[in-house]
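Trainee: So here's entry_9.cif (mmCIF, C-alpha atoms).
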```
data_entry
loop_
_atom_site.label_atom_id
_atom_site.label_comp_id
_atom_site.auth_asym_id
_atom_site.auth_seq_id
_atom_site.Cartn_x
_atom_site.Cartn_y
_atom_site.Cartn_z
CA MET A 1 83.28 190.42 91.04
CA ALA A 2 84.18 191.05 94.69
CA TYR A 3 81.59 190.46 97.41
CA LEU A 4 82.21 193.82 99.16
CA THR A 5 83.52 196.78 97.19
CA VAL A 6 84.51 200.19 98.52
CA ARG A 7 85.27 202.68 95.73
CA ASN A 8 87.05 206.00 96.23
CA ALA A 9 85.73 206.46 99.76
CA THR A 10 86.41 209.91 101.20
CA LYS A 11 85.20 211.12 104.61
CA LEU A 12 85.67 214.73 105.62
CA PHE A 13 84.91 215.94 109.14
CA GLY A 14 84.35 219.68 109.23
CA GLU A 15 86.03 221.62 106.47
CA SER A 16 89.56 220.25 106.54
CA VAL A 17 89.89 217.01 108.54
CA TYR A 18 90.10 214.02 106.22
CA ALA A 19 89.48 210.68 107.96
CA LEU A 20 89.46 208.83 104.62
CA ARG A 21 91.16 209.86 101.39
CA ASP A 22 90.06 208.08 98.22
CA VAL A 23 90.07 204.59 99.79
CA SER A 24 89.26 201.59 97.59
CA ILE A 25 89.18 197.99 98.80
CA SER A 26 87.49 194.74 97.78
CA VAL A 27 86.66 191.74 99.95
CA GLU A 28 85.79 188.29 98.63
CA SER A 29 82.98 186.08 99.92
CA GLY A 30 84.11 184.21 103.04
CA GLU A 31 87.34 186.21 103.32
CA PHE A 32 88.85 187.40 106.61
CA PHE A 33 90.02 190.90 105.72
CA THR A 34 91.86 193.04 108.29
CA LEU A 35 92.23 196.82 108.46
CA LEU A 36 95.54 197.45 110.21
CA GLY A 37 97.12 200.72 111.24
CA PRO A 38 97.88 203.12 114.10
CA SER A 39 95.26 205.15 115.95
CA GLY A 40 93.77 207.84 113.73
CA CYS A 41 94.63 206.15 110.43
CA GLY A 42 90.97 205.84 109.35
CA LYS A 43 90.37 202.13 109.83
CA THR A 44 87.47 202.50 112.29
CA THR A 45 85.94 205.31 110.21
CA LEU A 46 85.98 202.98 107.21
CA LEU A 47 84.39 200.16 109.23
CA ARG A 48 81.67 202.44 110.60
CA SER A 49 81.01 203.78 107.10
CA ILE A 50 80.40 200.22 105.90
CA ALA A 51 78.06 199.67 108.87
CA GLY A 52 76.19 202.89 108.03
CA PHE A 53 77.15 204.86 111.15
CA HIS A 54 79.00 207.42 108.99
CA ASP A 55 77.93 208.82 105.63
CA LEU A 56 80.75 209.14 103.12
CA THR A 57 81.57 212.59 101.76
CA SER A 58 82.13 210.88 98.41
CA GLY A 59 82.56 207.37 97.09
CA ASP A 60 80.33 204.31 97.33
CA ILE A 61 80.07 200.95 99.09
CA SER A 62 78.33 197.85 97.75
CA VAL A 63 77.77 194.33 99.07
CA ASN A 64 76.88 191.49 96.73
CA GLY A 65 75.95 194.03 94.06
CA SER A 66 73.69 196.18 96.30
CA ASP A 67 74.56 199.83 96.95
CA LEU A 68 74.72 200.18 100.75
CA GLY A 69 74.37 203.96 100.49
CA ARG A 70 70.71 203.44 99.67
CA ILE A 71 70.09 201.17 102.67
CA PRO A 72 69.66 202.49 106.26
CA PRO A 73 72.01 200.97 108.89
CA HIS A 74 69.37 198.83 110.60
CA LYS A 75 68.47 197.17 107.30
CA ARG A 76 72.00 196.43 106.06
CA ASP A 77 72.01 192.90 107.50
CA ILE A 78 75.46 193.41 109.01
CA GLY A 79 76.70 191.85 112.25
CA MET A 80 78.98 194.01 114.40
CA VAL A 81 81.26 193.07 117.30
CA PHE A 82 82.43 196.02 119.39
CA GLN A 83 85.50 196.65 121.50
CA ASP A 84 83.56 197.13 124.74
CA TYR A 85 81.50 193.88 124.56
CA ALA A 86 78.17 195.84 124.47
CA VAL A 87 76.26 193.16 126.38
CA PHE A 88 73.07 193.89 128.32
CA PRO A 89 73.83 193.17 132.01
CA HIS A 90 70.18 192.55 132.98
CA LEU A 91 69.63 189.91 130.27
CA SER A 92 70.77 186.30 130.33
CA VAL A 93 73.31 185.04 127.82
CA PHE A 94 70.50 183.47 125.80
CA ASP A 95 68.46 186.69 125.72
CA ASN A 96 71.54 188.77 124.84
CA VAL A 97 72.16 186.60 121.81
CA ALA A 98 68.48 186.57 120.85
CA PHE A 99 68.18 190.35 121.15
CA GLY A 100 68.87 191.11 117.48
CA LEU A 101 66.40 188.51 116.22
CA LYS A 102 63.27 190.03 117.76
CA PRO A 103 63.31 193.31 115.78
CA ARG A 104 63.67 191.17 112.66
CA LYS A 105 60.43 189.39 113.66
CA VAL A 106 62.06 185.96 113.69
CA PRO A 107 59.50 183.42 114.95
CA ALA A 108 59.94 182.10 118.49
CA HIS A 109 60.55 178.53 117.35
CA GLU A 110 63.31 179.76 115.02
CA ILE A 111 64.91 181.76 117.86
CA LYS A 112 64.95 178.64 120.02
CA LYS A 113 66.82 176.86 117.23
CA ARG A 114 69.28 179.54 116.14
CA VAL A 115 70.42 180.87 119.53
CA PRO A 116 71.64 177.47 120.85
CA GLU A 117 73.49 176.94 117.57
CA ALA A 118 75.23 180.31 117.95
CA LEU A 119 76.06 179.62 121.61
CA GLU A 120 77.51 176.23 120.71
CA SER A 121 79.77 177.83 118.09
CA VAL A 122 81.33 180.10 120.75
CA HIS A 123 81.38 177.42 123.50
CA LEU A 124 78.77 179.07 125.75
CA THR A 125 76.01 176.44 125.68
CA ALA A 126 76.38 175.62 129.38
CA LEU A 127 76.14 179.31 130.33
CA ALA A 128 72.94 180.18 128.46
CA LYS A 129 71.01 181.13 131.62
CA ARG A 130 73.81 183.06 133.31
CA LEU A 131 73.98 186.87 133.56
CA PRO A 132 77.01 188.55 131.91
CA ALA A 133 78.13 190.19 135.17
CA ALA A 134 79.18 186.77 136.44
CA MET A 135 81.33 186.10 133.37
CA SER A 136 84.87 186.94 132.30
CA GLY A 137 85.77 189.48 129.62
CA GLY A 138 86.52 186.72 127.13
CA GLN A 139 83.15 185.09 127.76
CA GLN A 140 81.37 188.43 127.37
CA GLN A 141 83.09 188.99 124.05
CA ARG A 142 81.92 185.54 122.93
CA ILE A 143 78.37 186.72 123.68
CA GLY A 144 78.91 189.66 121.35
CA LEU A 145 80.27 187.38 118.66
CA ALA A 146 77.33 184.97 118.96
CA ARG A 147 74.85 187.86 118.84
CA ALA A 148 76.46 189.19 115.66
CA MET A 149 76.39 185.79 113.96
CA VAL A 150 72.93 184.61 115.01
CA ILE A 151 71.23 187.02 112.58
CA ASN A 152 72.99 185.24 109.70
CA PRO A 153 74.50 188.50 108.44
CA GLN A 154 75.80 189.04 104.94
CA LEU A 155 78.85 190.72 106.45
CA LEU A 156 80.57 190.57 109.87
CA LEU A 157 82.42 193.65 111.18
CA MET A 158 84.76 193.55 114.20
CA ASP A 159 86.14 196.74 115.76
CA GLU A 160 89.21 195.80 117.87
CA PRO A 161 87.19 193.14 119.74
CA LEU A 162 90.17 191.81 121.74
CA SER A 163 91.82 195.04 122.87
CA ASN A 164 90.32 194.91 126.39
CA LEU A 165 91.56 191.38 127.10
CA ASP A 166 94.86 190.24 128.61
CA ALA A 167 97.60 189.01 126.29
CA LYS A 168 97.09 185.26 126.80
CA LEU A 169 93.32 185.45 126.39
CA ARG A 170 93.71 187.58 123.26
CA ILE A 171 95.77 184.85 121.60
CA GLU A 172 93.28 182.14 122.59
CA LEU A 173 90.21 184.09 121.48
CA ARG A 174 91.70 185.30 118.19
CA GLU A 175 92.28 181.68 117.18
CA GLU A 176 88.68 180.83 118.14
CA ILE A 177 87.34 183.77 116.15
CA ARG A 178 89.28 182.65 113.09
CA ASP A 179 88.11 179.04 113.44
CA ILE A 180 84.49 180.15 113.82
CA GLN A 181 84.74 182.48 110.84
CA ARG A 182 86.15 179.71 108.65
CA LYS A 183 83.35 177.39 109.74
CA VAL A 184 80.47 179.77 109.04
CA GLY A 185 82.10 181.31 105.96
CA ILE A 186 80.95 184.90 106.56
CA ALA A 187 82.97 187.64 104.89
CA THR A 188 84.60 189.46 107.82
CA ILE A 189 86.29 192.84 108.18
CA TYR A 190 88.41 193.06 111.31
CA VAL A 191 89.97 196.25 112.70
CA THR A 192 93.14 196.14 114.81
CA HIS A 193 96.33 198.06 115.52
CA ASP A 194 98.07 194.83 116.62
CA GLN A 195 100.45 193.65 113.88
CA GLU A 196 100.88 190.13 115.24
CA GLU A 197 97.12 189.70 115.54
CA ALA A 198 96.63 190.79 111.95
CA LEU A 199 99.37 188.49 110.63
CA ALA A 200 98.02 185.51 112.59
CA ILE A 201 94.37 185.52 111.53
CA SER A 202 93.98 187.34 108.21
CA ASP A 203 93.53 186.11 104.67
CA ARG A 204 94.52 189.60 103.53
CA ILE A 205 95.55 192.79 105.30
CA CYS A 206 94.98 196.42 104.35
CA VAL A 207 97.57 198.65 106.02
CA MET A 208 96.31 202.22 106.44
CA SER A 209 98.01 205.50 107.31
CA GLU A 210 96.56 209.01 107.59
CA GLY A 211 93.30 208.04 105.90
CA HIS A 212 94.72 206.26 102.87
CA VAL A 213 95.72 202.72 101.90
CA GLU A 214 99.44 201.97 102.05
CA GLN A 215 99.28 198.35 100.87
CA ILE A 216 96.87 195.43 100.55
CA GLY A 217 98.17 191.87 100.51
CA THR A 218 98.45 188.52 102.24
CA PRO A 219 100.26 188.45 105.60
CA GLU A 220 103.31 187.04 103.81
CA GLU A 221 103.28 189.89 101.28
CA ILE A 222 102.75 192.62 103.87
CA TYR A 223 105.59 191.41 106.09
CA GLY A 224 108.00 189.98 103.55
CA ASP A 225 107.47 192.35 100.63
CA PRO A 226 106.46 195.80 102.00
CA GLN A 227 105.79 198.30 99.23
CA THR A 228 106.25 201.45 101.32
CA ARG A 229 108.59 202.54 104.09
CA PHE A 230 105.57 202.97 106.39
CA VAL A 231 104.50 199.34 105.98
CA ALA A 232 108.05 198.08 106.56
CA ASN A 233 108.36 200.14 109.75
CA PHE A 234 104.86 199.51 111.12
CA VAL A 235 104.58 195.76 110.54
CA GLY A 236 107.28 193.94 112.48
CA THR A 237 110.75 195.08 113.46
CA ILE A 238 113.08 196.66 110.93
CA ASN A 239 116.68 197.89 110.91
CA GLN A 240 117.09 201.22 109.13
CA LEU A 241 120.62 201.56 107.78
CA LYS A 242 122.25 204.98 108.04
CA ARG A 243 123.92 206.31 104.91
CA CYS A 244 127.70 206.16 105.14
CA PRO A 245 130.71 205.02 103.04
CA LYS A 246 130.46 201.51 104.51
CA LEU A 247 126.85 201.19 103.37
CA GLU A 248 127.87 202.31 99.88
CA GLU A 249 130.50 199.56 99.95
CA VAL A 250 127.90 196.97 100.99
CA LEU A 251 125.52 198.14 98.26
CA GLY A 252 128.33 197.73 95.76
CA MET A 253 129.03 194.19 96.97
CA LEU A 254 125.33 193.40 96.49
CA GLY A 255 125.25 194.87 93.01
CA LEU A 256 122.94 197.71 94.04
CA SER A 257 125.14 200.70 93.27
CA GLU A 258 123.38 201.49 90.00
CA VAL A 259 119.98 201.14 91.64
CA ASP A 260 121.13 203.47 94.40
CA ALA A 261 122.47 206.00 91.90
CA SER A 262 119.02 206.22 90.29
CA ALA A 263 117.49 207.15 93.65
CA LYS A 264 119.91 209.52 95.34
CA ASN A 265 117.86 209.87 98.52
CA ALA A 266 117.12 206.16 98.87
CA SER A 267 116.94 204.60 102.31
CA TRP A 268 117.69 200.94 103.03
CA SER A 269 116.26 198.57 105.63
CA VAL A 270 116.52 194.91 106.62
CA ARG A 271 114.60 192.62 108.97
CA PRO A 272 116.57 191.44 112.04
CA GLU A 273 115.89 187.77 111.27
CA ALA A 274 117.25 188.22 107.72
CA LEU A 275 120.71 188.99 109.08
CA VAL A 276 122.89 185.99 109.90
CA LEU A 277 125.98 185.77 112.06
CA SER A 278 128.77 184.64 109.73
CA GLU A 279 129.80 181.93 112.18
CA LEU A 280 126.33 180.36 111.77
CA ALA A 281 125.84 180.99 108.04
CA GLN A 282 125.43 178.12 105.61
CA PRO A 283 127.55 178.09 102.43
CA ALA A 284 126.15 180.51 99.84
CA SER A 285 123.85 178.77 97.35
CA GLY A 286 123.56 181.66 94.90
CA GLY A 287 122.82 185.36 94.83
CA ALA A 288 124.86 188.28 96.11
CA VAL A 289 126.03 188.30 99.72
CA ALA A 290 127.87 190.97 101.70
CA GLU A 291 129.52 190.86 105.11
CA PHE A 292 130.08 193.61 107.64
CA SER A 293 131.22 193.78 111.24
CA GLY A 294 129.65 195.18 114.40
CA THR A 295 130.40 195.56 118.09
CA VAL A 296 128.10 193.80 120.55
CA GLN A 297 126.23 196.24 122.81
CA LYS A 298 123.82 193.75 124.36
CA TYR A 299 122.87 190.07 124.09
CA THR A 300 119.34 189.06 125.10
CA TYR A 301 118.43 185.37 125.34
CA LEU A 302 114.69 184.64 124.84
CA GLY A 303 114.66 180.85 124.59
CA ARG A 304 113.58 180.14 121.03
CA GLU A 305 115.65 183.09 119.80
CA ALA A 306 118.27 185.57 120.94
CA HIS A 307 118.57 189.27 120.10
CA LEU A 308 122.02 190.64 119.39
CA PHE A 309 122.27 194.46 119.53
CA LEU A 310 125.19 195.71 117.47
CA ASN A 311 126.88 199.02 116.85
CA THR A 312 127.90 199.21 113.19
CA ALA A 313 129.17 201.78 110.72
CA PHE A 314 125.57 202.39 109.60
CA GLY A 315 124.05 202.68 113.06
CA GLU A 316 122.66 200.42 115.74
CA ILE A 317 121.06 197.27 114.39
CA VAL A 318 119.49 194.13 115.83
CA VAL A 319 120.21 190.57 114.69
CA HIS A 320 117.73 187.83 115.62
CA VAL A 321 119.41 184.48 116.13
CA ALA A 322 117.07 181.51 115.74
CA ASN A 323 117.71 178.41 117.86
CA PRO A 324 120.35 180.20 119.98
CA ALA A 325 121.19 176.97 121.78
CA ARG A 326 123.59 176.17 118.92
CA ALA A 327 125.22 179.60 119.13
CA ARG A 328 127.55 180.78 121.84
CA LYS A 329 126.71 183.81 123.92
CA HIS A 330 128.41 187.00 122.78
CA ASP A 331 129.85 189.43 125.32
CA GLN A 332 129.55 193.19 125.28
CA GLY A 333 132.37 194.79 123.30
CA GLU A 334 133.00 191.71 121.19
CA THR A 335 133.29 192.16 117.41
CA VAL A 336 131.18 189.88 115.24
CA SER A 337 130.72 189.46 111.50
CA VAL A 338 127.23 189.55 109.94
CA ARG A 339 126.13 188.29 106.55
CA LEU A 340 123.51 190.10 104.45
CA ASN A 341 121.80 188.67 101.37
CA ARG A 342 120.73 191.01 98.56
CA GLN A 343 117.15 189.70 98.58
CA ALA A 344 116.79 190.67 102.26
CA LEU A 345 117.45 194.37 101.66
CA PHE A 346 114.50 196.74 101.20
CA GLY A 347 115.11 200.05 99.41
CA PHE A 348 112.74 203.05 99.53
CA ASP A 349 112.86 206.30 97.59
CA ALA A 350 112.52 209.81 99.01
CA ASP A 351 108.72 209.52 99.00
CA GLY A 352 108.78 206.21 100.86
CA ALA A 353 107.88 204.01 97.88
CA ARG A 354 109.67 200.70 97.39
CA ILE A 355 112.57 200.66 94.93
CA THR A 356 112.68 197.78 92.46
CA THR A 357 116.16 196.34 92.81
CA GLY A 358 115.96 193.98 89.84
CA LYS A 359 117.74 190.66 89.56
CA ALA A 360 120.75 189.86 91.70
CA PRO A 361 124.08 189.42 89.95
CA ARG A 362 125.23 185.90 89.21
CA GLU A 363 127.04 183.99 91.93
CA GLY A 364 130.74 184.74 91.87
CA THR A 365 130.40 188.28 90.51
CA ILE A 366 130.91 189.97 93.90
#
```
Represent the structure contained in this file as structure tokens.

Mentor:
Amino acid sequence: MAYLTVRNATKLFGESVYALRDVSISVESGEFFTLLGPSGCGKTTLLRSIAGFHDLTSGDISVNGSDLGRIPPHKRDIGMVFQDYAVFPHLSVFDNVAFGLKPRKVPAHEIKKRVPEALESVHLTALAKRLPAAMSGGQQQRIGLARAMVINPQLLLMDEPLSNLDAKLRIELREEIRDIQRKVGIATIYVTHDQEEALAISDRICVMSEGHVEQIGTPEEIYGDPQTRFVANFVGTINQLKRCPKLEEVLGMLGLSEVDASAKNASWSVRPEALVLSELAQPASGGAVAEFSGTVQKYTYLGREAHLFLNTAFGEIVVHVANPARARKHDQGETVSVRLNRQALFGFDADGARITTGKAPREGTI
């Protein structure tokens, strides 16, 4: 049985605005579970419903077997970390962290024990007496994290806690948050619109769109095996291939003509890093492979990789070249050949659902 269960959650604002549409998720004990999606997709509404700040129109939420709908927000034993730090400027770091313990009538001697432990976990021990105004944004967010954890919550909720920080600090603090979460073992639900952030720190990701769940899976599943067109487009970079006779030829070379015929309005996509310049390709070890040509529009060198922008028969596409030091630079107007493996191609039907392409033909049949 899952630790947190949300069943058929629906939230209606007014008479016709659905923030959540029949959402069901489950989170295991100690899991880092991320709600990912664009603004307005319902992820924060779901988080706030779990916290008790919103009442569901229908559906139910339970934690460790207890129905949260029957428990008022202040008694749900949930720690929350907000986007805007939410620290008290007139209180010291120590008193900020201790703030949530006093309403719970935690004895003074216990507060003196638990607050230093929480501060040590977020590397703020030396700053216990300082006021937040004299601290950086990253340090203030650590205060919020320590305050959420010091109550020993049964569940930790984080609502885009890094969005107000600069890019470098976001990367540093997200790693710290993940390390701390692993150490304390609290089931955590994390809200973000940042794909890279979600992929880097999550055990599982729930991708949301327009109030419903698109897909739930590990980072590897969400990125490498998207089940809807929305997930493929939202998480990472994707090349969408325009329908044309050349694409039909490529599909035939990959043994996908019959699959395509069963879904007349299918669309096809491929990740930039899944395309390989033929000059750099290793000998085929099995599976169907097709080649096509393109004209170089732009070559961008980024150190660990290079981006090759090509004009092809099925539109403009991007090829990511790993370790570009071993590849020569390609000039604008030059024609190059690109290799595509069947397993790298994602197909979606007219409704945006993933097409099952079946097994690839045996080597030598193309």

Trainee: Could you tell me which residues the PyMOL selection byres ((chain A and resi 21-29) around 8) grabs in this file, written as a list in words?

Mentor: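 When the PyMOL selection byres ((chain A and resi 21-29) around 8) is applied, the selected residues are Ala2, Tyr3, Leu4, Thr5, Val6, Arg7, Asn8, Ala9, Thr10, Lys11, Tyr18, Ala19, Leu20, Gly30, Glu31, Phe33, Gly59, Gly185, Ile186, Ala187, Gly211, His212 and Val213 of chain A.
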
Trainee: In Å, with one decimal, what is the gap from atom CA of A:Glu117 to atom CA of A:Ala146?

Mentor: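 Result for atom CA of A:Glu117 versus atom CA of A:Ala146: 9.0 Å, one decimal.
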
Trainee: Starting from the PyMOL selection byres ((chain A and resi 296) around 12), expand the selection into actual residues of this file and give them as a ChimeraX atom specification.

Mentor: /A:277,293-295,297-300,307-312,316-319,329-338

Trainee: Is there a way to get, as a PyMOL selection string, all residues within 9 Å of the point (79.7, 186.7, 125.5) in file coordinates, counting only C-alpha atoms?

Mentor: chain A and resi 85+87+93+96-97+119+122+124+132+135-147

Trainee: Quick one: distance from atom CA of A:Gly347 to atom CA of A:Glu196 in Å, one decimal?

Mentor: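 Separating atom CA of A:Gly347 from atom CA of A:Glu196 is a distance of 23.5 Å.
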